[in-house]
Structure formats: C-alpha cells, structure tokens
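Note: the block below is work.pdb and it holds PDB, C-alpha atoms.
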ATOM      1  CA  ASP A  99     -20.492  16.632  -7.460
ATOM      2  CA  LEU A 100     -18.702  15.148  -4.452
ATOM      3  CA  SER A 101     -21.712  13.291  -3.093
ATOM      4  CA  LEU A 102     -21.242   9.519  -2.917
ATOM      5  CA  SER A 103     -23.477   7.341  -5.093
ATOM      6  CA  LYS A 104     -25.382   4.303  -3.836
ATOM      7  CA  GLU A 105     -22.734   2.104  -5.452
ATOM      8  CA  ASP A 106     -19.942   4.057  -3.729
ATOM      9  CA  LEU A 107     -21.640   3.697  -0.358
ATOM     10  CA  ALA A 108     -22.252  -0.023  -0.884
ATOM     11  CA  ILE A 109     -18.581  -0.645  -1.696
ATOM     12  CA  GLN A 110     -17.500   1.400   1.326
ATOM     13  CA  ALA A 111     -19.906  -0.507   3.575
ATOM     14  CA  ARG A 112     -18.536  -3.823   2.329
ATOM     15  CA  ALA A 113     -14.969  -2.747   3.083
ATOM     16  CA  LYS A 114     -16.036  -1.508   6.522
ATOM     17  CA  ALA A 115     -17.738  -4.811   7.319
ATOM     18  CA  TYR A 116     -14.656  -6.769   6.217
ATOM     19  CA  ALA A 117     -12.297  -4.645   8.335
ATOM     20  CA  GLU A 118     -14.457  -4.920  11.444
ATOM     21  CA  LYS A 119     -15.007  -8.666  11.117
ATOM     22  CA  HIS A 120     -11.639  -9.874   9.839
ATOM     23  CA  LEU A 121      -8.980  -7.240  10.607
ATOM     24  CA  PHE A 122      -9.891  -5.630  13.935
ATOM     25  CA  PRO A 123     -10.128  -8.952  15.852
ATOM     26  CA  ASN A 124      -6.582  -9.880  14.784
ATOM     27  CA  GLU A 125      -4.794  -6.645  15.702
ATOM     28  CA  ILE A 126      -3.470  -7.727  19.108
ATOM     29  CA  ALA A 127      -2.261 -11.103  17.819
ATOM     30  CA  THR A 128      -0.407  -9.300  15.012
ATOM     31  CA  ASP A 129       1.079  -6.774  17.423
ATOM     32  CA  GLU A 130       2.356  -9.617  19.607
ATOM     33  CA  ARG A 131       3.587 -11.571  16.555
ATOM     34  CA  LYS A 132       1.186 -14.407  17.308
ATOM     35  CA  LEU A 133      -0.981 -14.238  14.201
ATOM     36  CA  GLN A 134      -1.493 -17.778  12.928
ATOM     37  CA  LYS A 135      -0.894 -18.667   9.287
ATOM     38  CA  LYS A 136      -4.303 -20.337   9.019
ATOM     39  CA  THR A 137      -5.898 -17.115  10.250
ATOM     40  CA  LEU A 138      -4.111 -15.166   7.519
ATOM     41  CA  VAL A 139      -5.355 -17.660   4.942
ATOM     42  CA  GLY A 140      -8.900 -17.145   6.184
ATOM     43  CA  MET A 141      -8.548 -13.363   6.020
ATOM     44  CA  ARG A 142      -7.306 -13.539   2.441
ATOM     45  CA  LYS A 143     -10.118 -15.889   1.452
ATOM     46  CA  ALA A 144     -12.651 -13.513   2.986
ATOM     47  CA  ALA A 145     -11.217 -10.643   0.912
ATOM     48  CA  ILE A 146     -12.424 -12.476  -2.195
ATOM     49  CA  GLU A 147     -15.866 -13.052  -0.660
ATOM     50  CA  TYR A 148     -16.180  -9.321   0.056
ATOM     51  CA  ARG A 149     -15.004  -8.502  -3.508
ATOM     52  CA  LEU A 150     -11.964  -6.577  -2.300
ATOM     53  CA  ASN A 151      -9.174  -8.561  -4.001
ATOM     54  CA  GLY A 152      -7.408  -6.710  -6.806
ATOM     55  CA  TYR A 153      -9.470  -3.647  -5.951
ATOM     56  CA  ASN A 154      -7.204  -1.337  -7.983
ATOM     57  CA  HIS A 155      -7.600  -3.313 -11.207
ATOM     58  CA  SER A 156     -10.215  -3.584 -13.941
ATOM     59  CA  GLU A 157     -12.439  -6.637 -14.298
ATOM     60  CA  GLU A 158     -10.423  -7.586 -17.388
ATOM     61  CA  ASP A 159      -7.298  -7.610 -15.231
ATOM     62  CA  GLY A 160      -8.840  -9.742 -12.493
ATOM     63  CA  GLY A 161     -10.164  -6.909 -10.326
ATOM     64  CA  HIS A 162     -13.609  -5.392  -9.942
ATOM     65  CA  GLY A 163     -13.416  -2.200 -11.980
ATOM     66  CA  TYR A 164     -13.653   0.165  -9.016
ATOM     67  CA  THR A 165     -13.079   3.856  -9.717
ATOM     68  CA  PRO A 166     -10.184   5.702  -8.028
ATOM     69  CA  LEU A 167     -12.715   7.287  -5.673
ATOM     70  CA  GLN A 168     -14.146   3.888  -4.765
ATOM     71  CA  GLN A 169     -10.614   2.576  -4.200
ATOM     72  CA  ALA A 170      -9.986   5.468  -1.788
ATOM     73  CA  LEU A 171     -13.182   4.607   0.100
ATOM     74  CA  ILE A 172     -12.008   0.998   0.438
ATOM     75  CA  CYS A 173      -8.560   2.066   1.655
ATOM     76  CA  GLU A 174     -10.100   4.460   4.180
ATOM     77  CA  GLU A 175     -11.985   1.590   5.806
ATOM     78  CA  LEU A 176      -9.066  -0.860   5.650
ATOM     79  CA  GLY A 177      -6.773   1.832   7.076
ATOM     80  CA  LYS A 178      -8.768   1.807  10.308
ATOM     81  CA  ALA A 179      -6.999  -1.447  11.169
ATOM     82  CA  THR A 180      -3.638  -1.236  12.929
ATOM     83  CA  CYS A 181      -0.430  -3.204  12.225
ATOM     84  CA  GLY A 182      -0.726  -2.681   8.467
ATOM     85  CA  LEU A 183      -3.385  -5.390   8.306
ATOM     86  CA  TRP A 184      -4.877  -3.660   5.268
ATOM     87  CA  THR A 185      -2.088  -5.264   3.209
ATOM     88  CA  VAL A 186      -3.699  -8.680   3.780
ATOM     89  CA  VAL A 187      -6.225  -7.540   1.144
ATOM     90  CA  PHE A 188      -4.093  -8.519  -1.825
ATOM     91  CA  LYS A 189      -3.686  -6.956  -5.241
ATOM     92  CA  ALA A 190      -1.183  -7.241  -8.061
ATOM     93  CA  SER A 191       1.404  -4.457  -8.293
ATOM     94  CA  THR A 192       0.180  -1.714 -10.616
ATOM     95  CA  PRO A 193       2.882  -2.038 -13.332
ATOM     96  CA  LEU A 194       1.864  -5.645 -14.014
ATOM     97  CA  LYS A 195      -1.216  -4.424 -15.865
ATOM     98  CA  ARG A 196       1.183  -3.051 -18.504
ATOM     99  CA  GLY A 197       2.792  -6.456 -19.018
ATOM    100  CA  THR A 198       2.812  -8.843 -21.958
ATOM    101  CA  LYS A 199       0.173 -11.514 -22.468
ATOM    102  CA  TRP A 200       2.496 -14.052 -20.812
ATOM    103  CA  GLN A 201       3.138 -11.769 -17.846
ATOM    104  CA  ARG A 202      -0.574 -11.086 -17.430
ATOM    105  CA  GLU A 203      -1.373 -14.795 -17.463
ATOM    106  CA  ASN A 204       1.458 -15.757 -15.080
ATOM    107  CA  PHE A 205       1.482 -12.821 -12.671
ATOM    108  CA  LEU A 206      -1.289 -10.224 -13.010
ATOM    109  CA  LEU A 207      -4.370 -12.467 -13.106
ATOM    110  CA  PRO A 208      -3.124 -15.085 -10.595
ATOM    111  CA  PHE A 209      -1.982 -12.433  -8.091
ATOM    112  CA  ASN A 210      -5.317 -10.630  -8.223
ATOM    113  CA  ALA A 211      -6.920 -14.018  -7.516
ATOM    114  CA  GLY A 212      -4.664 -14.612  -4.505
ATOM    115  CA  LYS A 213      -2.366 -17.138  -6.174
ATOM    116  CA  GLY A 214       1.041 -15.620  -5.523
ATOM    117  CA  ARG A 215       2.053 -12.075  -4.698
ATOM    118  CA  SER A 216       4.519  -9.421  -5.818
ATOM    119  CA  CYS A 217       6.567  -6.909  -3.835
ATOM    120  CA  PHE A 218       8.380  -3.843  -5.170
ATOM    121  CA  ALA A 219      12.145  -3.295  -4.810
ATOM    122  CA  ILE A 220      13.202   0.255  -5.633
ATOM    123  CA  THR A 221      14.670   1.984  -2.552
ATOM    124  CA  GLU A 222      18.420   1.811  -1.980
ATOM    125  CA  LYS A 223      20.884   3.323   0.489
ATOM    126  CA  ASP A 224      21.201   6.526  -1.542
ATOM    127  CA  ALA A 225      18.044   6.318  -3.662
ATOM    128  CA  GLY A 226      14.591   6.912  -2.218
ATOM    129  CA  SER A 227      12.248   9.494  -3.699
ATOM    130  CA  ASP A 228      14.732  10.104  -6.532
ATOM    131  CA  PRO A 229      15.145   6.801  -8.440
ATOM    132  CA  THR A 230      17.857   8.260 -10.702
ATOM    133  CA  TYR A 231      20.334   7.451  -7.914
ATOM    134  CA  VAL A 232      19.573   3.720  -8.143
ATOM    135  CA  LYS A 233      22.770   1.691  -8.474
ATOM    136  CA  THR A 234      21.189  -1.701  -9.218
ATOM    137  CA  SER A 235      22.095  -2.619 -12.783
ATOM    138  CA  ALA A 236      20.831  -5.000 -15.439
ATOM    139  CA  VAL A 237      23.178  -6.060 -18.213
ATOM    140  CA  LYS A 238      22.168  -8.285 -21.130
ATOM    141  CA  ARG A 239      24.477 -11.215 -21.740
ATOM    142  CA  ARG A 240      23.798 -14.040 -24.196
ATOM    143  CA  GLY A 241      20.099 -13.262 -24.328
ATOM    144  CA  LYS A 242      19.608 -13.082 -20.557
ATOM    145  CA  TRP A 243      19.553 -10.166 -18.136
ATOM    146  CA  VAL A 244      22.057 -10.226 -15.277
ATOM    147  CA  ILE A 245      20.930  -8.137 -12.287
ATOM    148  CA  ASN A 246      23.243  -6.882  -9.550
ATOM    149  CA  GLY A 247      22.469  -4.561  -6.667
ATOM    150  CA  GLU A 248      21.068  -4.099  -3.179
ATOM    151  CA  LYS A 249      17.569  -2.928  -2.204
ATOM    152  CA  TRP A 250      16.171  -1.641   1.084
ATOM    153  CA  PHE A 251      12.674  -1.700   2.591
ATOM    154  CA  VAL A 252      11.184  -4.344   0.291
ATOM    155  CA  THR A 253       7.800  -4.376   1.989
ATOM    156  CA  SER A 254       5.922  -7.687   2.228
ATOM    157  CA  ALA A 255       8.843  -9.592   0.697
ATOM    158  CA  ASP A 256       8.261 -12.486   3.105
ATOM    159  CA  ALA A 257       4.740 -12.914   1.729
ATOM    160  CA  SER A 258       5.684 -12.592  -1.953
ATOM    161  CA  SER A 259       6.521 -15.036  -4.708
ATOM    162  CA  VAL A 260       8.172 -12.486  -7.017
ATOM    163  CA  VAL A 261      10.025  -9.181  -6.669
ATOM    164  CA  ILE A 262       9.580  -6.351  -9.153
ATOM    165  CA  VAL A 263      13.103  -4.916  -9.343
ATOM    166  CA  HIS A 264      13.769  -1.357 -10.520
ATOM    167  CA  ALA A 265      17.203  -1.403 -12.208
ATOM    168  CA  HIS A 266      19.233   0.683 -14.656
ATOM    169  CA  VAL A 267      20.161  -1.110 -17.869
ATOM    170  CA  ASP A 268      23.949  -1.010 -18.325
ATOM    171  CA  GLY A 269      24.083   1.188 -15.222
ATOM    172  CA  ASP A 270      22.605   4.073 -17.241
ATOM    173  CA  ALA A 271      20.170   6.241 -15.223
ATOM    174  CA  LYS A 272      18.474   7.114 -18.518
ATOM    175  CA  LYS A 273      17.467   3.452 -18.949
ATOM    176  CA  PRO A 274      15.400   2.613 -15.842
ATOM    177  CA  THR A 275      13.712  -0.750 -16.370
ATOM    178  CA  LEU A 276      11.585  -3.146 -14.316
ATOM    179  CA  PHE A 277      12.174  -6.886 -14.034
ATOM    180  CA  VAL A 278       9.988  -9.597 -12.476
ATOM    181  CA  VAL A 279      12.287 -11.849 -10.428
ATOM    182  CA  ASP A 280      11.326 -15.018  -8.549
ATOM    183  CA  ILE A 281      11.890 -14.548  -4.818
ATOM    184  CA  ASP A 282      13.785 -17.871  -4.662
ATOM    185  CA  ALA A 283      15.839 -17.393  -7.835
ATOM    186  CA  PRO A 284      19.588 -18.170  -7.565
ATOM    187  CA  GLY A 285      21.437 -15.066  -6.408
ATOM    188  CA  VAL A 286      18.462 -13.479  -4.601
ATOM    189  CA  LYS A 287      19.507 -13.123  -0.969
ATOM    190  CA  VAL A 288      17.992 -11.641   2.162
ATOM    191  CA  LYS A 289      20.728  -9.507   3.699
ATOM    192  CA  ARG A 290      18.821  -8.338   6.771
ATOM    193  CA  ILE A 291      15.324  -8.103   8.236
ATOM    194  CA  PRO A 292      15.384  -4.731  10.025
ATOM    195  CA  GLN A 293      13.129  -4.208  13.022
ATOM    196  CA  PHE A 294      10.957  -1.106  12.824
ATOM    197  CA  MET A 295       9.253   0.929  15.547
ATOM    198  CA  HIS A 296       5.877  -0.123  14.193
ATOM    199  CA  SER A 297       4.108  -3.477  14.260
ATOM    200  CA  TYR A 298       3.413  -4.708  10.732
ATOM    201  CA  VAL A 299       1.916  -7.956   9.575
ATOM    202  CA  TYR A 300       4.756  -8.581   7.076
ATOM    203  CA  GLU A 301       8.475  -7.742   6.927
ATOM    204  CA  HIS A 302      10.551  -5.133   5.042
ATOM    205  CA  TYR A 303      13.594  -7.008   3.752
ATOM    206  CA  GLU A 304      16.976  -5.673   2.752
ATOM    207  CA  MET A 305      17.809  -7.760  -0.319
ATOM    208  CA  VAL A 306      20.865  -8.431  -2.456
ATOM    209  CA  PHE A 307      20.707  -9.415  -6.128
ATOM    210  CA  ASP A 308      23.984 -11.164  -6.938
ATOM    211  CA  ASN A 309      24.325 -12.008 -10.638
ATOM    212  CA  VAL A 310      20.634 -12.901 -10.821
ATOM    213  CA  MET A 311      19.819 -14.127 -14.323
ATOM    214  CA  VAL A 312      16.363 -13.738 -15.892
ATOM    215  CA  ASP A 313      15.007 -14.263 -19.384
ATOM    216  CA  ASP A 314      13.861 -11.307 -21.464
ATOM    217  CA  ASN A 315      10.236 -12.292 -20.870
ATOM    218  CA  ARG A 316      10.777 -11.110 -17.276
ATOM    219  CA  ARG A 317      11.385  -7.538 -18.448
ATOM    220  CA  LEU A 318       8.299  -5.496 -17.587
ATOM    221  CA  GLY A 319       7.705  -2.806 -20.197
ATOM    222  CA  GLU A 320      10.354  -1.401 -22.511
ATOM    223  CA  VAL A 321      13.949  -0.559 -21.630
ATOM    224  CA  GLY A 322      13.858   2.962 -20.204
ATOM    225  CA  GLN A 323      10.171   2.785 -19.265
ATOM    226  CA  GLY A 324      10.785   1.770 -15.660
ATOM    227  CA  PHE A 325      10.498   5.225 -14.114
ATOM    228  CA  ASP A 326       7.138   5.910 -15.780
ATOM    229  CA  LEU A 327       5.766   2.561 -14.567
ATOM    230  CA  THR A 328       7.175   3.122 -11.087
ATOM    231  CA  LYS A 329       5.766   6.662 -10.961
ATOM    232  CA  GLU A 330       2.314   5.318 -11.834
ATOM    233  CA  TRP A 331       2.621   2.933  -8.878
ATOM    234  CA  PHE A 332       3.928   5.739  -6.641
ATOM    235  CA  THR A 333       0.942   7.931  -7.491
ATOM    236  CA  GLU A 334      -1.640   5.250  -6.819
ATOM    237  CA  THR A 335       0.090   4.184  -3.603
ATOM    238  CA  ARG A 336       0.291   7.741  -2.287
ATOM    239  CA  ILE A 337      -3.476   8.150  -2.586
ATOM    240  CA  GLU A 338      -3.916   4.787  -0.856
ATOM    241  CA  ILE A 339      -1.629   5.867   1.991
ATOM    242  CA  ALA A 340      -3.568   9.124   2.342
ATOM    243  CA  ALA A 341      -6.772   7.086   2.651
ATOM    244  CA  HIS A 342      -5.185   4.701   5.172
ATOM    245  CA  CYS A 343      -4.105   7.693   7.275
ATOM    246  CA  LEU A 344      -7.616   9.130   7.164
ATOM    247  CA  GLY A 345      -9.034   5.818   8.357
ATOM    248  CA  ALA A 346      -6.455   5.614  11.149
ATOM    249  CA  ALA A 347      -7.344   9.115  12.358
ATOM    250  CA  ILE A 348     -11.069   8.323  12.326
ATOM    251  CA  ARG A 349     -10.557   5.092  14.275
ATOM    252  CA  ALA A 350      -8.332   6.830  16.851
ATOM    253  CA  THR A 351     -10.923   9.564  17.323
ATOM    254  CA  GLU A 352     -13.762   7.089  17.746
ATOM    255  CA  ILE A 353     -11.792   5.143  20.377
ATOM    256  CA  ALA A 354     -10.774   8.322  22.210
ATOM    257  CA  ASN A 355     -14.319   9.667  22.185
ATOM    258  CA  GLN A 356     -15.711   6.385  23.510
ATOM    259  CA  TYR A 357     -13.080   6.265  26.258
ATOM    260  CA  ALA A 358     -13.755   9.890  27.229
ATOM    261  CA  SER A 359     -17.441   9.039  27.584
ATOM    262  CA  GLU A 360     -16.702   6.137  29.957
ATOM    263  CA  ARG A 361     -13.784   7.452  31.999
ATOM    264  CA  VAL A 362     -15.208   9.186  35.103
ATOM    265  CA  GLN A 363     -13.197  11.665  37.175
ATOM    266  CA  PHE A 364     -14.437  14.242  39.681
ATOM    267  CA  GLY A 365     -17.932  12.828  39.393
ATOM    268  CA  LYS A 366     -18.472  13.017  35.637
ATOM    269  CA  PRO A 367     -17.135  11.606  32.344
ATOM    270  CA  ILE A 368     -14.008  13.431  31.192
ATOM    271  CA  ARG A 369     -15.842  13.962  27.897
ATOM    272  CA  GLU A 370     -17.667  16.796  29.650
ATOM    273  CA  PHE A 371     -14.500  18.726  30.519
ATOM    274  CA  GLN A 372     -13.873  21.596  28.135
ATOM    275  CA  ALA A 373     -10.198  20.718  27.622
ATOM    276  CA  ILE A 374     -11.210  17.289  26.331
ATOM    277  CA  GLU A 375     -14.050  18.723  24.240
ATOM    278  CA  PHE A 376     -11.629  21.113  22.554
ATOM    279  CA  MET A 377      -9.262  18.290  21.627
ATOM    280  CA  LEU A 378     -12.064  16.154  20.184
ATOM    281  CA  ALA A 379     -13.389  19.130  18.232
ATOM    282  CA  ASP A 380      -9.947  19.871  16.800
ATOM    283  CA  MET A 381      -9.552  16.222  15.826
ATOM    284  CA  ALA A 382     -12.914  16.266  14.044
ATOM    285  CA  VAL A 383     -11.992  19.395  12.080
ATOM    286  CA  GLU A 384      -8.661  17.867  11.031
ATOM    287  CA  ILE A 385     -10.493  14.784   9.763
ATOM    288  CA  MET A 386     -13.060  16.866   7.883
ATOM    289  CA  ALA A 387     -10.320  18.775   6.061
ATOM    290  CA  ALA A 388      -8.339  15.628   5.213
ATOM    291  CA  LYS A 389     -11.421  13.769   4.003
ATOM    292  CA  SER A 390     -12.487  16.699   1.817
ATOM    293  CA  LEU A 391      -9.037  16.879   0.190
ATOM    294  CA  LEU A 392      -8.812  13.119  -0.369
ATOM    295  CA  TYR A 393     -12.299  12.773  -1.833
ATOM    296  CA  ARG A 394     -11.802  15.762  -4.120
ATOM    297  CA  ILE A 395      -8.514  14.478  -5.532
ATOM    298  CA  ALA A 396      -9.848  10.917  -5.899
ATOM    299  CA  ALA A 397     -12.894  12.300  -7.732
ATOM    300  CA  GLU A 398     -10.650  14.366 -10.013
ATOM    301  CA  VAL A 399      -8.563  11.285 -10.826
ATOM    302  CA  THR A 400     -11.780   9.382 -11.552
ATOM    303  CA  ALA A 401     -12.813  12.175 -13.933
ATOM    304  CA  GLY A 402      -9.530  11.884 -15.836
ATOM    305  CA  MET A 403      -7.361  14.677 -14.449
ATOM    306  CA  ASP A 404      -4.045  15.378 -16.212
ATOM    307  CA  LEU A 405      -1.402  12.872 -15.057
ATOM    308  CA  LYS A 406       1.081  15.556 -13.999
ATOM    309  CA  LEU A 407      -1.561  17.107 -11.757
ATOM    310  CA  VAL A 408      -2.480  13.662 -10.434
ATOM    311  CA  HIS A 409       1.154  13.019  -9.469
ATOM    312  CA  ALA A 410       1.482  16.384  -7.716
ATOM    313  CA  ARG A 411      -1.832  16.218  -5.872
ATOM    314  CA  ALA A 412      -1.350  12.600  -4.838
ATOM    315  CA  SER A 413       1.921  13.647  -3.213
ATOM    316  CA  ALA A 414       0.218  16.600  -1.522
ATOM    317  CA  VAL A 415      -2.649  14.590  -0.059
ATOM    318  CA  LYS A 416      -0.277  11.875   1.169
ATOM    319  CA  LEU A 417       1.811  14.508   2.957
ATOM    320  CA  TYR A 418      -1.169  16.317   4.447
ATOM    321  CA  ASN A 419      -3.066  13.227   5.587
ATOM    322  CA  SER A 420      -0.040  11.500   7.106
ATOM    323  CA  GLU A 421       0.836  14.629   9.095
ATOM    324  CA  MET A 422      -2.828  14.974  10.072
ATOM    325  CA  ALA A 423      -2.957  11.373  11.302
ATOM    326  CA  GLY A 424       0.088  11.987  13.486
ATOM    327  CA  ARG A 425      -1.552  15.010  15.079
ATOM    328  CA  VAL A 426      -4.913  13.339  15.588
ATOM    329  CA  VAL A 427      -3.467  10.121  17.052
ATOM    330  CA  GLY A 428      -1.329  12.265  19.362
ATOM    331  CA  GLU A 429      -4.435  14.029  20.619
ATOM    332  CA  ALA A 430      -6.257  10.693  20.943
ATOM    333  CA  LEU A 431      -3.460   9.398  23.184
ATOM    334  CA  GLN A 432      -3.728  12.501  25.348
TER     335      GLN A 432
END

In structure tokens, what does this structure look like?
Amino acid sequence: DLSLSKEDLAIQARAKAYAEKHLFPNEIATDERKLQKKTLVGMRKAAIEYRLNGYNHSEEDGGHGYTPLQQALICEELGKATCGLWTVVFKASTPLKRGTKWQRENFLLPFNAGKGRSCFAITEKDAGSDPTYVKTSAVKRRGKWVINGEKWFVTSADASSVVIVHAHVDGDAKKPTLFVVDIDAPGVKVKRIPQFMHSYVYEHYEMVFDNVMVDDNRRLGEVGQGFDLTKEWFTETRIEIAAHCLGAAIRATEIANQYASERVQFGKPIREFQAIEFMLADMAVEIMAAKSLLYRIAAEVTAGMDLKLVHARASAVKLYNSEMAGRVVGEALQ
C-alpha cells in the first residue's frame, strides 16, 4: 500500500512549510555568499520547532522516530531549496547511533539537539566509491591511536565540531575503522578549500591528519567494522540524495510552468505553444516515475527489506533521480 497516511502527510506538510518559510527566502543570499551567521542560527532553531532535527534517528537517539518513508518525504521538501540549504537541518551522522554510552552522550544526543555537528571524512585521491583503496592509517601506540592521511571533499567541515574519519588500522584494508576526531585537534589541518561549480551553504575541505592522537574511546565500533558502518551511512544518504533530487526537479518544474504562464510572446503566454507544452509534459512524466521509484523503495526499507537489497536499490534510485533532475532542470531552463 503506497498511499500516504495522515501522519505521513502531516510530516511532509511541516517540512514543506519550513522550507518555504526558512530556506527559500535565503537562497539568493547564500548564492552570493552573503548569508548572515545570525540567520543560520535562526534557521537551525526553527528546524527544532518544526520537529525536523535528527529526523533520521529514533526518539531514544534524540530524533523523532520517523520511518524511512517519512524521512524521504522530508528530504523531498527540503531538496526543493537550492544551494544545499537542506543541510542546515541538522542530524547526527548515522554511525554515531552505534556508539558507546559515552559516545552517545557526548556526540549523538547533543548533535541531534543542535549542540555540535559531525562531518564524514572518507574520500581520498584514489578512494571514492571503493573504500578499500583508503590510505589513511590508524596505528595504536601506548594506548592511543595515531592517525595519518589525507581526505578530500569533507562536506560541511567548516560547520562541524568533529570529523568521523574512515581509516585502516595498521594500514590493513581488512581492518577499516571509524574514529571521532575533534576538528581542532593537534595535527588536523585544512589543506585546501576547493571551489566548486555549485553554490553550497558550507564548504568541502581537503584535510590532512598528521600524527593525530586520539584515545580509544574515540574509536567508533569495533576494529574492522568501519566499512559496514560507512555502508549504512552511504545507503541512507543515497536515498536522501534521491529525495533531494526529486524535490529539485519538482521546484524547477513549478517555476518553469509559472514563468511559461506569464511570459507573453506573439500575443499569448508561451505556455500555450505546443513545444513548451511537450517539454512540461515530459518533465511531469519524469517526476512521476522518479517519485514512484523513491516512494516504493522507501516503503520497502520501512517494511524491513533485506539490507543487501536496500544497498542496491538505494544506489539505483540515487542514480536514476540525479540523472532525472539533470534532465528536468535542463528542460526548465529551456
């Protein structure tokens, strides 16, 4: 049954109202790099008022217990905002829910409440989708872990208080392990802040970890468990991205349709020309297909689908919806 319940619709409506009131009005300022810090603080505070903070976590973990389908509905609405403003709606990184009692109390619960933030450092020069090529190492010396390596594309690092670092213990690819590192810890360095073709509310640092020392209580999960924890985050994030792309395509279509209704040429709105009608119709069909795929997979995850299938289908819907968004936005620009 893919119909949305009253609760689903209420959560979606709340996310829609938040995006329209707090994200849309700040798009141009973000694009021009003029967004004020006090405005960001207000947007984050409002996320709590709309019950969107920690939306991917259970109530026990400081979230609201939303189902995967409800999370997708939230991300669809937030994804209608440009400049990556959806990331202002904060949540603790997924692997933190697998942490120790100390880690939950110091990172998971505070981050879901907006007190601090984590970013994820996994990508390297030669390691992207395949984490086995990671060269960052963690070696235990005198009871402490010493981390060395370089990471690329650490998204939202400038807004974070800790970095979750994916490293290989003793340089062994069979021992992938996660570590929670303070952003200002000795040896943590920002190598470069690359400029991207997009406008994004936060930065994507290139970071160096030079003999960074952390206690064992900063190890997240067991030695060798890092890939499984990272894969869980990958899967959840891919569904989120698919939902963001759906929202972006819907917003682009709505703007294009409105413009086509107001733009008059040759004595009538261009909306009435068949060439324009065909493009809008094609855009609508693309959105219908993408929405159907996303909702189905999110519903299957909610129902407890096998994790291997979840991983595969999350990847598929991310691919399809991101390609769809590119096509639809291209048509909207035309």

Inset, instruction - Just the residues within 8 Å of stretch 175-185 of chain A, please, counting all atoms listed in the file, with nothing from its chain fewer than 6 positions along; format it as a ChimeraX atom specification. - result: /A:110,113-114,117,121-122,125,128-129,296-299,341-349

Inset, instruction - Record the distance separating atom CA of A:Thr221 and atom CA of A:Val252, expressed in Å with one decimal. - result: 7.8 Å

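Considering the residues A:Asp268, A:Glu248, A:Asp106, A:Glu174 and counting only C-alpha atoms, A:Asn419 has its shortest atom-to-atom contact with A:Glu174.
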
Once the PyMOL selection byres ((chain A and resi 233) around 9) has been applied to the shown file, what residues remain in the selection, as an mmCIF file with C-alpha atoms, in the coordinates of the input?
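Saved to part.cif:
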data_model
loop_
_atom_site.group_PDB
_atom_site.id
_atom_site.type_symbol
_atom_site.label_atom_id
_atom_site.label_comp_id
_atom_site.auth_asym_id
_atom_site.auth_seq_id
_atom_site.Cartn_x
_atom_site.Cartn_y
_atom_site.Cartn_z
ATOM 1 C CA GLU A 222 18.420 1.811 -1.980
ATOM 2 C CA ASP A 224 21.201 6.526 -1.542
ATOM 3 C CA ALA A 225 18.044 6.318 -3.662
ATOM 4 C CA THR A 230 17.857 8.260 -10.702
ATOM 5 C CA TYR A 231 20.334 7.451 -7.914
ATOM 6 C CA VAL A 232 19.573 3.720 -8.143
ATOM 7 C CA THR A 234 21.189 -1.701 -9.218
ATOM 8 C CA SER A 235 22.095 -2.619 -12.783
ATOM 9 C CA ASN A 246 23.243 -6.882 -9.550
ATOM 10 C CA GLY A 247 22.469 -4.561 -6.667
ATOM 11 C CA GLU A 248 21.068 -4.099 -3.179
ATOM 12 C CA ALA A 265 17.203 -1.403 -12.208
ATOM 13 C CA HIS A 266 19.233 0.683 -14.656
ATOM 14 C CA GLY A 269 24.083 1.188 -15.222
ATOM 15 C CA ALA A 271 20.170 6.241 -15.223
#

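With atom CA of A:Lys287 on one side and atom CA of A:Tyr300 on the other, the separation reads 17.4 Å.
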
Near stretch 313-317 of chain A, 10 Å: stretch 250-276 of chain A residue rows, closest pairs, only C-alpha atoms, as JSON lines:
{"residue": "A:Ile262", "atom": "CA", "partner": "A:Arg316", "partner_atom": "CA", "distance": 9.5}
{"residue": "A:Val263", "atom": "CA", "partner": "A:Arg317", "partner_atom": "CA", "distance": 9.6}
{"residue": "A:Thr275", "atom": "CA", "partner": "A:Arg317", "partner_atom": "CA", "distance": 7.5}
{"residue": "A:Leu276", "atom": "CA", "partner": "A:Arg317", "partner_atom": "CA", "distance": 6.0}

Legend entry - Distance in Å - atom CA of A:Ser103 versus atom CA of A:Gln168: 10.0 Å
